[in-house]
Structure formats: structure tokens, C-alpha cells
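A.B. asks: Have a look at this one.
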Amino acid sequence: MTRGGLASLPLLALVLTDRPTAGIPAALGAMLAGINDRPGGRRAAIPRIGLPALAGSAGLLLGSMIAVAAGGGRSLVILPGLFGLLGLVAGAISSTGPVASACGTQVLVTIVIGAGMPLPEPGPARALLFLAGASWLLLLRLLLPSPGRTRSVPYRFDGERDAVAAVYEAVARLLDASGGPRARQARAALSAALDQAQDALAGPRLRRYASSAAERRLHAQYAAAFPLVEAATALAWAGTTLPARIAEGPRGLAAAVRTGGGCGPLPAPARTDAGLAALDDALLRAATVFDRPHGVLPGGRLGRSSAGLFRRTWSAAGREYGLRVALCCATSTFVAQWLHHEHWYWLPATTVFLVKPDLGPLASRVVCRAVGTVGGAALFGALALLLSGPLQLVAVVALCGAVLPVATRHFAVQTSVVTVLVLSLVLLGGEPPAASARVVESLLACATVLLVGHLPLPGRRGHGVRAALDTAVGAAHRYLGHVLRTPEDDAGRGALRRDAYRSLAAARTAIDLSAAELPRVARHSAGSDGVAGAVERLIDTTTACAVQLAHPSAGLPRSHAEMLLTHLSELERAQAVTRGAPAWTGAPRAGISG
């Protein structure tokens with residue numbers, strides 16, 4: 001919130017120098033960067049904020065060039081067609097991940113604003129001002145310390161340190177929940193904590209060779225968590241109820257990560273089976289790492305080539321979503337041009353925000369947008385009666401920027417805050433805010449997105465869910481094959497296990513999002529939850545088998561081999577039940593024997 005409030009300083013400086021219109025692109029850049037500002041490590045914030053900012057700057061420049069080429073006249077064919085084509089490309093890119101989604105949304109929004117918002121500054125100047133506003137917030141993100149940090153450790157790593165500590169705490173919670181009804185939720189929470197730590201440690205300058213002792217220590221502590229995660233998952237899979245003291249070790253390690261100290265005393269070992277023996281061994285190795293850290297990096301996320309990104313962009317899921325965005329952009333631009341008013345850009349810009357793929361179910365997005373716009377316009381109308389100068393408008397922008405990080409937790413509240421902020425900028429630029437017109441245009445955008453989102457298109461729907469499930473199934477089978485062929489390869493097994501659980505979490509998210517849509521859309525992913533459940537059981541069982549095979553005197557028990565075969569058969573049956581889901585034929589059954 002502090003960063004959001006300070007992000008309005010460039011706008012204040014330009015208003016004080018009597019250049020309020022130049023402050024509008026800077027404030028827009030800061031606002032969109034604030035929407036992308038999330039808790040976490042500083043290094044991970046660079047691509048999360050910086051890449052969408054670059055995309056938005058390029059979009060503002062391109063939009064300004066389109067405005068010059070169009071000449072300001074009405075265009076019922078060329079402009080809607082052009083925006084539809086740009087929406088197809090940006091939408092397909094947006095379907096590949098959260099950062100890509102932010103880039104695709106920002107580039108489309110800024111293209112529309114650059115083409116439609118009347119500002120005296122030339123296109124290159126607008127783009128640079130936009131980039132300056134976003135860069136200012138990113139600079140604040142990198143320089144300001146986080147509250148509650150420990151003074152004994154470098155503050156520039158506090159986000160990464162919290163993420164690694166959260167992994168050890170999640171391990172402790174899974175051990176506590178083992179044998180109880182909350183074990184599955186605890187395992188999912190552990191997977192989410194690992195995802196966040198992986199993202200935090202993957203930022204710029206935290207590369208293959210860490211540049212400082214603090215970075216090397218963090219990497220070593222993260223690597224030491226992998227055997228603990230594996231052992232805890234195996235114990236939870238077996239349904240073993242554990243004494244409370246077992247979880248004291250991971251909790252002590254979590255505290256050591258946060259304070260930068262040693263791990264302290266560990267609980268007495270309880271080596272009654274392979275799972276507990278693996279847990280004790282992992283704790284001892286972690287204690288060694290914490291006391292004498294080495295710069296050893298764990299197997300990270302499996303690499304994704306540019307060719308793989310291109311395939312995901314133009315996959316069936318990417319084409320499906322890109323086509324929806326294209327239709328929404330073209331339709332809303334046509335309606336706005338047909339109405340032929342000066343501020344036509346509001347309608348297509350609102351439409352672009354509404355079709356962002358990771359903002360929840362479509363129907364709830366539309367309702368939240370409508371309610372938020374009406375509430376924001378009403379609030380601004382009340383504030384406008386009290387505002388009498390540009391500095392007061394800057395104060396409103398600063399207040400909205402401070403509230404925005406909290407408002408992003410609910411789309412309706414975020415919409416209200418953004419509506420007040422944008423109407424303040426419009427008034428600051430010397431134009432009438434026309435709040436009632438903004439409400440009407442937002443409602444038109446809601447109707448457009450709701451209609452286009454449920455139009456029947458050629459071919460089948462639900463490609464996003466099926467693609468996520470296919471990725472999860474493939475990752476699970478690669479993990480199983482590696483465990484059976486080379487159980488001694490700890491680093492490779494850890495990377496494949498992370499990829500399998502991360503892919504499963506992405507598939508679960510896609511399924512939950514589809515299930516929350518209206519029945520006309522939700523029916524296209526019917527039966528997908530059964531496939532995801534079968535994949536989850538297969539991955540958990542594979543992890544339990546990995547612990548057994550890694551034990552020096554143990555082979556794969558017959559019960560584990562039978563469970564693997566059972567889960568593989570369940571997965572094949574679940575895929576067959578799912579309408580049109582391709583059956584995976586590469587299951588590594590040959591290496592399974594009891």
C-alpha cells in the first residue's frame with residue numbers, strides 16, 4: 001500500500017510543472033504495475049511487473065501510430081478488424097501463463113487507449129512516460145524493505161527467504177495432518193509453497209551461480225527441503241499417524257531460514273519404516289546444510305524453449321481463447337465506433353479487462369465489473385463535489401493507488417477503485433469525466449463479453465482444461481518412469497516431481513475455473529475432475545515408491561507395485577470416460593514389479 005501511494009509522485013511532479021496531461025500516461029503505467037504487484041520476492045517481481053510494463057509501453061506507441069493513421073474519423077471496418085487481429089495474437093499469448101496474461105492484457109488495453117485517448121503528447125513521449133511510471137513503482141518494489149524483516153539478514157532477500165521458510169512450515173503441517181482427513185489439503189498447500197519458492201528463486205540474478213553467500217545459502221536451504229518433502233509426502237500417502245514431535249524439526253528449520261541462524265536441536269529419530277528413516281536422513285542432511293551451507297542448486301523447473309512457447313500459444317487452447325478475445329475486441333470496437341463519440345476507447349478497453357483469462361468465471365466477472373463500475377462512478381460523483389483543484393485530484397489518485405493492492409482481492413472492489421482513479425485522470429486531463437456515460441459503456445462491455453463468451457464456435461470447447469490435464473498426465477508418467485529406471489538420481493527425481501505436482505495444480509485450477517462457469521460452458525469439461533484425481537493418486541504413489549527404492553535395503557514392495565498398476569488403470573478409465581479425452585499410451589508399466 002505504501003508503494004501504491006508513492007507511485008503517484010511522478011504524476012504530482014508533472015502537475016506541479018504544469019504538465020498534467022503528461023502525467024496521465026505515467027499514472028496509467030503506475031496503476032497497471034500496481035495491479036501486477038504481488039507479495040513475494042523482489043527478483044520475481046522484475047518479470048511480473050517489468051515485462052507487462054514493456055508490453056504496455058509498446059502498445060501505447062502502437063496505438064498512437066494507429067490513431068495518426070486513422071486520422072480521427074469513424075472506422076466501422078478497418079479499426080475493428082485490426083483490433084480483432086491484435087486481440088487474436090495477444091489472447092493466444094495470454095493463455096500461456098500469468099505473466100503472459102498480464103502482458104497480453106496490457107498491450108491490448110494500451111493500444112486501445114493510445115488510439116482513442118486524446119492527449120497532446122506524441123506517441124513516443126506517451127510510451128516513455130508510461131514506462132517511467134511503471135518503472136518508478138518497480139524501483140520502489142526493489143528498494144523499499146518489507147515490514148517485519150529480520151535485521152540480521154540482508155533485506156533484499158526477505159521475500160525469497162519467507163518463501164523458502166514457508167516450504168518447511170508446510171512440511172511440518174503435512175506431517176501433523178498425516179493420517180487424518182486434512183492430509184490431502186496439507187499436501188496441496190505444500191505443493192503451492194514449493195511453487196512460490198521456485199518462482200521466488202527463479203528471478204533475475206538468482207541464476208545458476210549465485211553471486212553472494214546469502215544467495216548460496218538460500219539455494220542450499222531450498223535444495224535441502226526436497227528430500228523432506230518427498231519423505232513427508234510418502235508418510236502422508238501411507239496414512240501414518242505421527243507423534244507431534246516429528247514436525248518440530250521442519251519448524252525449527254523454518255525459523256532458521258527466517259533468522260539466518262542454525263537449525264538447533266532436532267527431534268530424536270524414529271526409524272521404524274522406510275518413510276520415517278527417509279525423513280530422519282533428510283533432517284540430518286538439512287542440518288548439515290544449514291550449519292555449513294554450500295552453493296548447490298536443486299533441480300529447477302524443467303526448461304521451456306521458445307519453440308515450446310510457440311506451440312502452447314497456437315495450441316487448441318490458445319486458439320480458442322485468442323478467438324474469443326478477437327471477437328470481443330472487434331465487436332466492442334465496432335459498437336464504440338458506431339456510437340461515434342470522443343471517448344470511444346472506454347468500451348473496448350473495458351472489454352479487454354473482462355476477458356482476461358485468470359480473473360475467475362466469466363459470469364461472476366461480468367457481474368463484479370457492472371457492480372464495481374456503478375459503485376466507483378457513484379463514489380467519484382460524490383468526491384467531485386468536494387474537489388476543486390488538480391492537487392486534490394492527485395491526492396485521490398494517490399489514495400486509489402494505496403488501496404489498489406488490497407482491492408485486487410475482489411474484482412468488484414478493484415473495479416471500483418480503478419474507476420475512481422481513471423475518472424480522476426480524465427478530469428485532470430481537462431476533459432469532463434462523464435461518469436454516467438462510463439457506466440453505460442461498461443454495461444455494454446459486460447453484455448458483449450457475456451454474449452461472445454457463450455457463443456457456439458466451430459469445434460469443441462474446453463481445450464484449456466484438456467491441455468492442462470494432458471500436461472499433468474505426461475508429467476506424472478515421466479516422473480514414474482524416472483523413479484523406476486533411475487531411483488538413485490535425486491536431483492532429476494526432484495525436478496520431475498516438482499513438474500508433476502505443479503502441472504497437477506495448474507490442471508486443478510483450470511478445472512475449478514471451468515466448473516464455476518455457467519452450465520453451457522461448464523459441461524465441456526465434465527469428468528475432468530476424475531482424471532485429475534487419478535493423476536494425483538498416481539503422483540503420490542510414485543513418491544512413496546521413490547522413498548522405498550531410495551532405501552538401501554528395500555526394493556519396491558508388492559503392495560506399492562499393485563497400487564501403481566491400479567492407479568494407472570484408474571487413470572486410463574477416467575480418460576476414457578471424459579468425452580474426447582485422449583488416452584495416454586506411454587505409461588511405464590514394464591518397470592513395475594513387486
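Chain lettering (A, B, ...) mirrors the order of the C-alpha cells, residue numbering begins at 1 for each chain separately, and ligand numbering begins at 1 in order of display.
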Check stretch 102-212 of chain A with DSSP on the backbone and list each residue it calls alpha helix (DSSP H), as a ChimeraX atom specification.
C.D. replies: /A:102-116,123-143,158-177,183-200
A.B. asks: Residues near stretch 494-498 of chain A, anyone? I mean within 10 Å using only C-alpha atoms, not counting same-chain ones fewer than 2 positions away, as a VMD selection string.
C.D. replies: chain A and resid 191 194 to 195 198 223 226 to 227 229 to 230 298 to 302 475 to 480 482 to 483 489 to 492 500 to 504 539 to 540 542 to 543
A.B. asks: Please produce an output containing N, CA, C and O atoms for each residue in the selection, written as a tab-separated table (two decimals), in the first residue's frame.
C.D. replies:
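Result file out.tsv:
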chain	number	residue	atom	x	y	z
A	191	SER	N	2.57	-28.22	-2.01
A	191	SER	CA	2.89	-28.04	-3.42
A	191	SER	C	2.82	-26.56	-3.81
A	191	SER	O	3.69	-26.06	-4.54
A	194	LEU	N	5.92	-24.79	-2.50
A	194	LEU	CA	7.08	-25.09	-3.35
A	194	LEU	C	7.02	-24.28	-4.65
A	194	LEU	O	8.05	-23.79	-5.13
A	195	ASP	N	5.83	-24.14	-5.23
A	195	ASP	CA	5.69	-23.33	-6.44
A	195	ASP	C	6.13	-21.89	-6.18
A	195	ASP	O	6.86	-21.28	-6.99
A	198	GLN	N	9.89	-21.70	-5.71
A	198	GLN	CA	10.55	-21.89	-7.00
A	198	GLN	C	10.50	-20.62	-7.83
A	198	GLN	O	11.50	-20.21	-8.44
A	223	ALA	N	17.22	-26.44	-1.56
A	223	ALA	CA	17.55	-27.79	-2.04
A	223	ALA	C	17.39	-28.82	-0.93
A	223	ALA	O	16.93	-29.95	-1.16
A	226	PHE	N	13.89	-30.60	-0.42
A	226	PHE	CA	13.35	-31.58	-1.35
A	226	PHE	C	13.24	-32.98	-0.75
A	226	PHE	O	12.20	-33.64	-0.87
A	227	PRO	N	14.30	-33.53	-0.13
A	227	PRO	CA	14.14	-34.86	0.48
A	227	PRO	C	13.09	-34.87	1.60
A	227	PRO	O	12.39	-35.87	1.78
A	229	VAL	N	10.37	-33.03	1.68
A	229	VAL	CA	9.07	-33.03	1.00
A	229	VAL	C	8.72	-34.44	0.53
A	229	VAL	O	7.59	-34.91	0.70
A	230	GLU	N	9.70	-35.11	-0.03
A	230	GLU	CA	9.45	-36.46	-0.54
A	230	GLU	C	9.07	-37.41	0.58
A	230	GLU	O	8.10	-38.18	0.48
A	298	PRO	N	19.24	-26.90	-6.47
A	298	PRO	CA	18.44	-28.06	-6.77
A	298	PRO	C	18.06	-28.10	-8.23
A	298	PRO	O	18.21	-27.11	-8.95
A	299	GLY	N	17.56	-29.24	-8.66
A	299	GLY	CA	16.99	-29.30	-9.99
A	299	GLY	C	15.82	-28.35	-10.07
A	299	GLY	O	14.87	-28.47	-9.31
A	300	GLY	N	15.87	-27.38	-10.95
A	300	GLY	CA	14.82	-26.37	-11.03
A	300	GLY	C	13.70	-26.82	-11.93
A	300	GLY	O	13.54	-27.98	-12.27
A	301	ARG	N	12.91	-25.83	-12.30
A	301	ARG	CA	11.81	-26.13	-13.21
A	301	ARG	C	12.37	-26.58	-14.55
A	301	ARG	O	13.35	-26.06	-15.04
A	302	LEU	N	11.73	-27.56	-15.13
A	302	LEU	CA	12.21	-28.08	-16.40
A	302	LEU	C	12.14	-26.98	-17.45
A	302	LEU	O	11.19	-26.21	-17.51
A	475	ALA	N	3.47	-35.33	-17.35
A	475	ALA	CA	4.46	-35.10	-16.29
A	475	ALA	C	4.45	-36.23	-15.27
A	475	ALA	O	5.51	-36.66	-14.79
A	476	ALA	N	3.25	-36.75	-14.94
A	476	ALA	CA	3.17	-37.86	-13.98
A	476	ALA	C	3.85	-39.10	-14.53
A	476	ALA	O	4.57	-39.81	-13.79
A	477	HIS	N	3.68	-39.38	-15.78
A	477	HIS	CA	4.28	-40.58	-16.36
A	477	HIS	C	5.80	-40.43	-16.52
A	477	HIS	O	6.55	-41.40	-16.35
A	478	ARG	N	6.25	-39.23	-16.82
A	478	ARG	CA	7.71	-39.01	-16.88
A	478	ARG	C	8.32	-39.21	-15.50
A	478	ARG	O	9.41	-39.79	-15.36
A	479	TYR	N	7.64	-38.71	-14.49
A	479	TYR	CA	8.13	-38.88	-13.11
A	479	TYR	C	8.17	-40.35	-12.73
A	479	TYR	O	9.18	-40.84	-12.18
A	480	LEU	N	7.11	-41.09	-13.02
A	480	LEU	CA	7.07	-42.51	-12.69
A	480	LEU	C	8.17	-43.28	-13.44
A	480	LEU	O	8.88	-44.11	-12.84
A	482	HIS	N	11.02	-42.21	-14.50
A	482	HIS	CA	12.34	-41.88	-13.95
A	482	HIS	C	12.57	-42.60	-12.63
A	482	HIS	O	13.67	-43.11	-12.37
A	483	VAL	N	11.54	-42.65	-11.78
A	483	VAL	CA	11.68	-43.33	-10.49
A	483	VAL	C	11.97	-44.81	-10.69
A	483	VAL	O	12.81	-45.40	-9.98
A	489	ASP	N	18.89	-41.15	-8.82
A	489	ASP	CA	19.09	-39.78	-9.32
A	489	ASP	C	18.19	-38.82	-8.54
A	489	ASP	O	17.07	-38.52	-8.94
A	490	ASP	N	18.70	-38.33	-7.40
A	490	ASP	CA	17.87	-37.47	-6.54
A	490	ASP	C	17.51	-36.15	-7.22
A	490	ASP	O	16.37	-35.69	-7.12
A	491	ALA	N	18.49	-35.52	-7.88
A	491	ALA	CA	18.24	-34.20	-8.47
A	491	ALA	C	17.21	-34.29	-9.60
A	491	ALA	O	16.26	-33.49	-9.67
A	492	GLY	N	17.39	-35.28	-10.49
A	492	GLY	CA	16.44	-35.43	-11.58
A	492	GLY	C	15.05	-35.80	-11.08
A	492	GLY	O	14.04	-35.31	-11.60
A	500	ALA	N	5.61	-32.45	-11.97
A	500	ALA	CA	4.36	-33.21	-11.91
A	500	ALA	C	3.34	-32.54	-11.00
A	500	ALA	O	2.17	-32.35	-11.37
A	501	TYR	N	3.76	-32.16	-9.80
A	501	TYR	CA	2.83	-31.53	-8.86
A	501	TYR	C	2.41	-30.14	-9.35
A	501	TYR	O	1.26	-29.72	-9.16
A	502	ARG	N	3.32	-29.42	-9.96
A	502	ARG	CA	2.98	-28.09	-10.46
A	502	ARG	C	1.98	-28.20	-11.61
A	502	ARG	O	1.04	-27.42	-11.70
A	503	SER	N	2.19	-29.15	-12.49
A	503	SER	CA	1.25	-29.36	-13.60
A	503	SER	C	-0.12	-29.79	-13.08
A	503	SER	O	-1.15	-29.36	-13.60
A	504	LEU	N	-0.12	-30.62	-12.04
A	504	LEU	CA	-1.39	-31.04	-11.44
A	504	LEU	C	-2.12	-29.85	-10.84
A	504	LEU	O	-3.35	-29.72	-11.00
A	539	ILE	N	0.74	-39.72	-8.74
A	539	ILE	CA	1.95	-38.98	-8.34
A	539	ILE	C	2.29	-39.27	-6.89
A	539	ILE	O	3.47	-39.48	-6.53
A	540	ASP	N	1.29	-39.27	-6.00
A	540	ASP	CA	1.56	-39.56	-4.60
A	540	ASP	C	2.13	-40.96	-4.42
A	540	ASP	O	3.08	-41.17	-3.65
A	542	THR	N	3.76	-42.68	-6.67
A	542	THR	CA	5.12	-42.68	-7.23
A	542	THR	C	6.12	-42.13	-6.23
A	542	THR	O	7.24	-42.64	-6.10
A	543	THR	N	5.73	-41.07	-5.50
A	543	THR	CA	6.62	-40.52	-4.48
A	543	THR	C	6.88	-41.52	-3.37
A	543	THR	O	8.02	-41.66	-2.90
A.B. asks: Please list as a list in words every residue within 6 Å of stretch 48-62 of chain A, counting only C-alpha atoms and excluding residues in the same chain fewer than 5 positions away.
C.D. replies: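 With the cut-off at 6 Å, the set is Ala33, Asn36, Val99, Ala102, Cys103, Gln106, Val107, Thr110, Ile111, Gly114, Gly123, Pro124, Ala127, Phe130 and Leu131 of chain A.
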A.B. asks: Considering only C-alpha atoms, return as a list of chain:residue names whatever protein or nucleic-acid residues lie within 8 Å of stretch 440-445 of chain A, sequence-local ones (same chain, fewer than 4 positions apart) excluded.
C.D. replies: A:Ser332, A:Trp346, A:Leu347, A:Pro348, A:Thr350, A:Thr351, A:Arg369, A:Ala370, A:Thr373, A:Ser436, A:Val449
A.B. asks: Now that the selection is made, can you save its residues with C-alpha atoms as an mmCIF file, in the first residue's frame?
C.D. replies:
data_model
loop_
_atom_site.group_PDB
_atom_site.id
_atom_site.type_symbol
_atom_site.label_atom_id
_atom_site.label_comp_id
_atom_site.auth_asym_id
_atom_site.auth_seq_id
_atom_site.Cartn_x
_atom_site.Cartn_y
_atom_site.Cartn_z
ATOM 1 C CA SER A 332 -16.793 -3.703 -28.822
ATOM 2 C CA TRP A 346 -13.529 3.086 -22.828
ATOM 3 C CA LEU A 347 -15.751 0.352 -24.260
ATOM 4 C CA PRO A 348 -13.068 -1.865 -25.887
ATOM 5 C CA THR A 350 -13.210 -2.452 -20.529
ATOM 6 C CA THR A 351 -13.879 -5.478 -22.722
ATOM 7 C CA ARG A 369 -17.497 -5.397 -13.242
ATOM 8 C CA ALA A 370 -21.006 -3.976 -13.512
ATOM 9 C CA THR A 373 -18.281 0.392 -12.151
ATOM 10 C CA SER A 436 -22.821 8.191 -16.351
ATOM 11 C CA VAL A 449 -18.282 -10.279 -23.204
#
A.B. asks: What does the distance from atom CA of A:Phe353 to atom CA of A:Cys446 come to in Å, to one decimal?
C.D. replies: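 A separation of 10.3 Å between them.
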A.B. asks: In terms of the shortest atom-to-atom distance over only C-alpha atoms, which of A:Ala225, A:Leu323, A:Ala238, A:Leu393 is closest to A:Arg537?
C.D. replies: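 So, comparing all the options, the nearest one is A:Ala238.
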A.B. asks: Leaving out A:Cys368 and any residue of its chain fewer than 3 positions from it, which residues lie within 9 Å of it when counting only C-alpha atoms, given as a PyMOL selection string?
C.D. replies: chain A and resi 363-365+371-373+410-413+415
A.B. asks: List the neighbours of A:Leu423 out to 10 Å using only C-alpha atoms; skip same-chain residues closer than 5 positions along the sequence, and give me the result as a PyMOL selection string.
C.D. replies: chain A and resi 376-377+380-381+384+393+397+418+428-429+431-435+438
A.B. asks: Selection from above, C-alpha atoms, as a PDB file, in the first residue's frame, can you write it?
C.D. replies:
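out36.pdb, freshly written:
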ATOM      1  CA  GLY A 376     -16.974   3.610  -8.478  1.00  0.00           C
ATOM      2  CA  ALA A 377     -18.849   6.116 -10.628  1.00  0.00           C
ATOM      3  CA  PHE A 380     -16.436   9.632  -7.840  1.00  0.00           C
ATOM      4  CA  GLY A 381     -19.600  11.691  -8.337  1.00  0.00           C
ATOM      5  CA  ALA A 384     -16.264  15.508  -7.476  1.00  0.00           C
ATOM      6  CA  LEU A 393      -7.235  15.034  -7.882  1.00  0.00           C
ATOM      7  CA  VAL A 397      -5.110   9.116  -7.401  1.00  0.00           C
ATOM      8  CA  VAL A 418      -9.811   1.703 -10.856  1.00  0.00           C
ATOM      9  CA  LEU A 428      -7.113  16.002 -14.555  1.00  0.00           C
ATOM     10  CA  GLY A 429      -6.525  15.951 -18.310  1.00  0.00           C
ATOM     11  CA  GLU A 431     -11.949  16.554 -20.040  1.00  0.00           C
ATOM     12  CA  PRO A 432     -15.373  16.067 -18.473  1.00  0.00           C
ATOM     13  CA  PRO A 433     -15.442  12.768 -16.537  1.00  0.00           C
ATOM     14  CA  ALA A 434     -18.905  11.804 -17.875  1.00  0.00           C
ATOM     15  CA  ALA A 435     -19.343   9.175 -15.169  1.00  0.00           C
ATOM     16  CA  ARG A 438     -18.731   5.378 -18.418  1.00  0.00           C
TER      17      ARG A 438
END
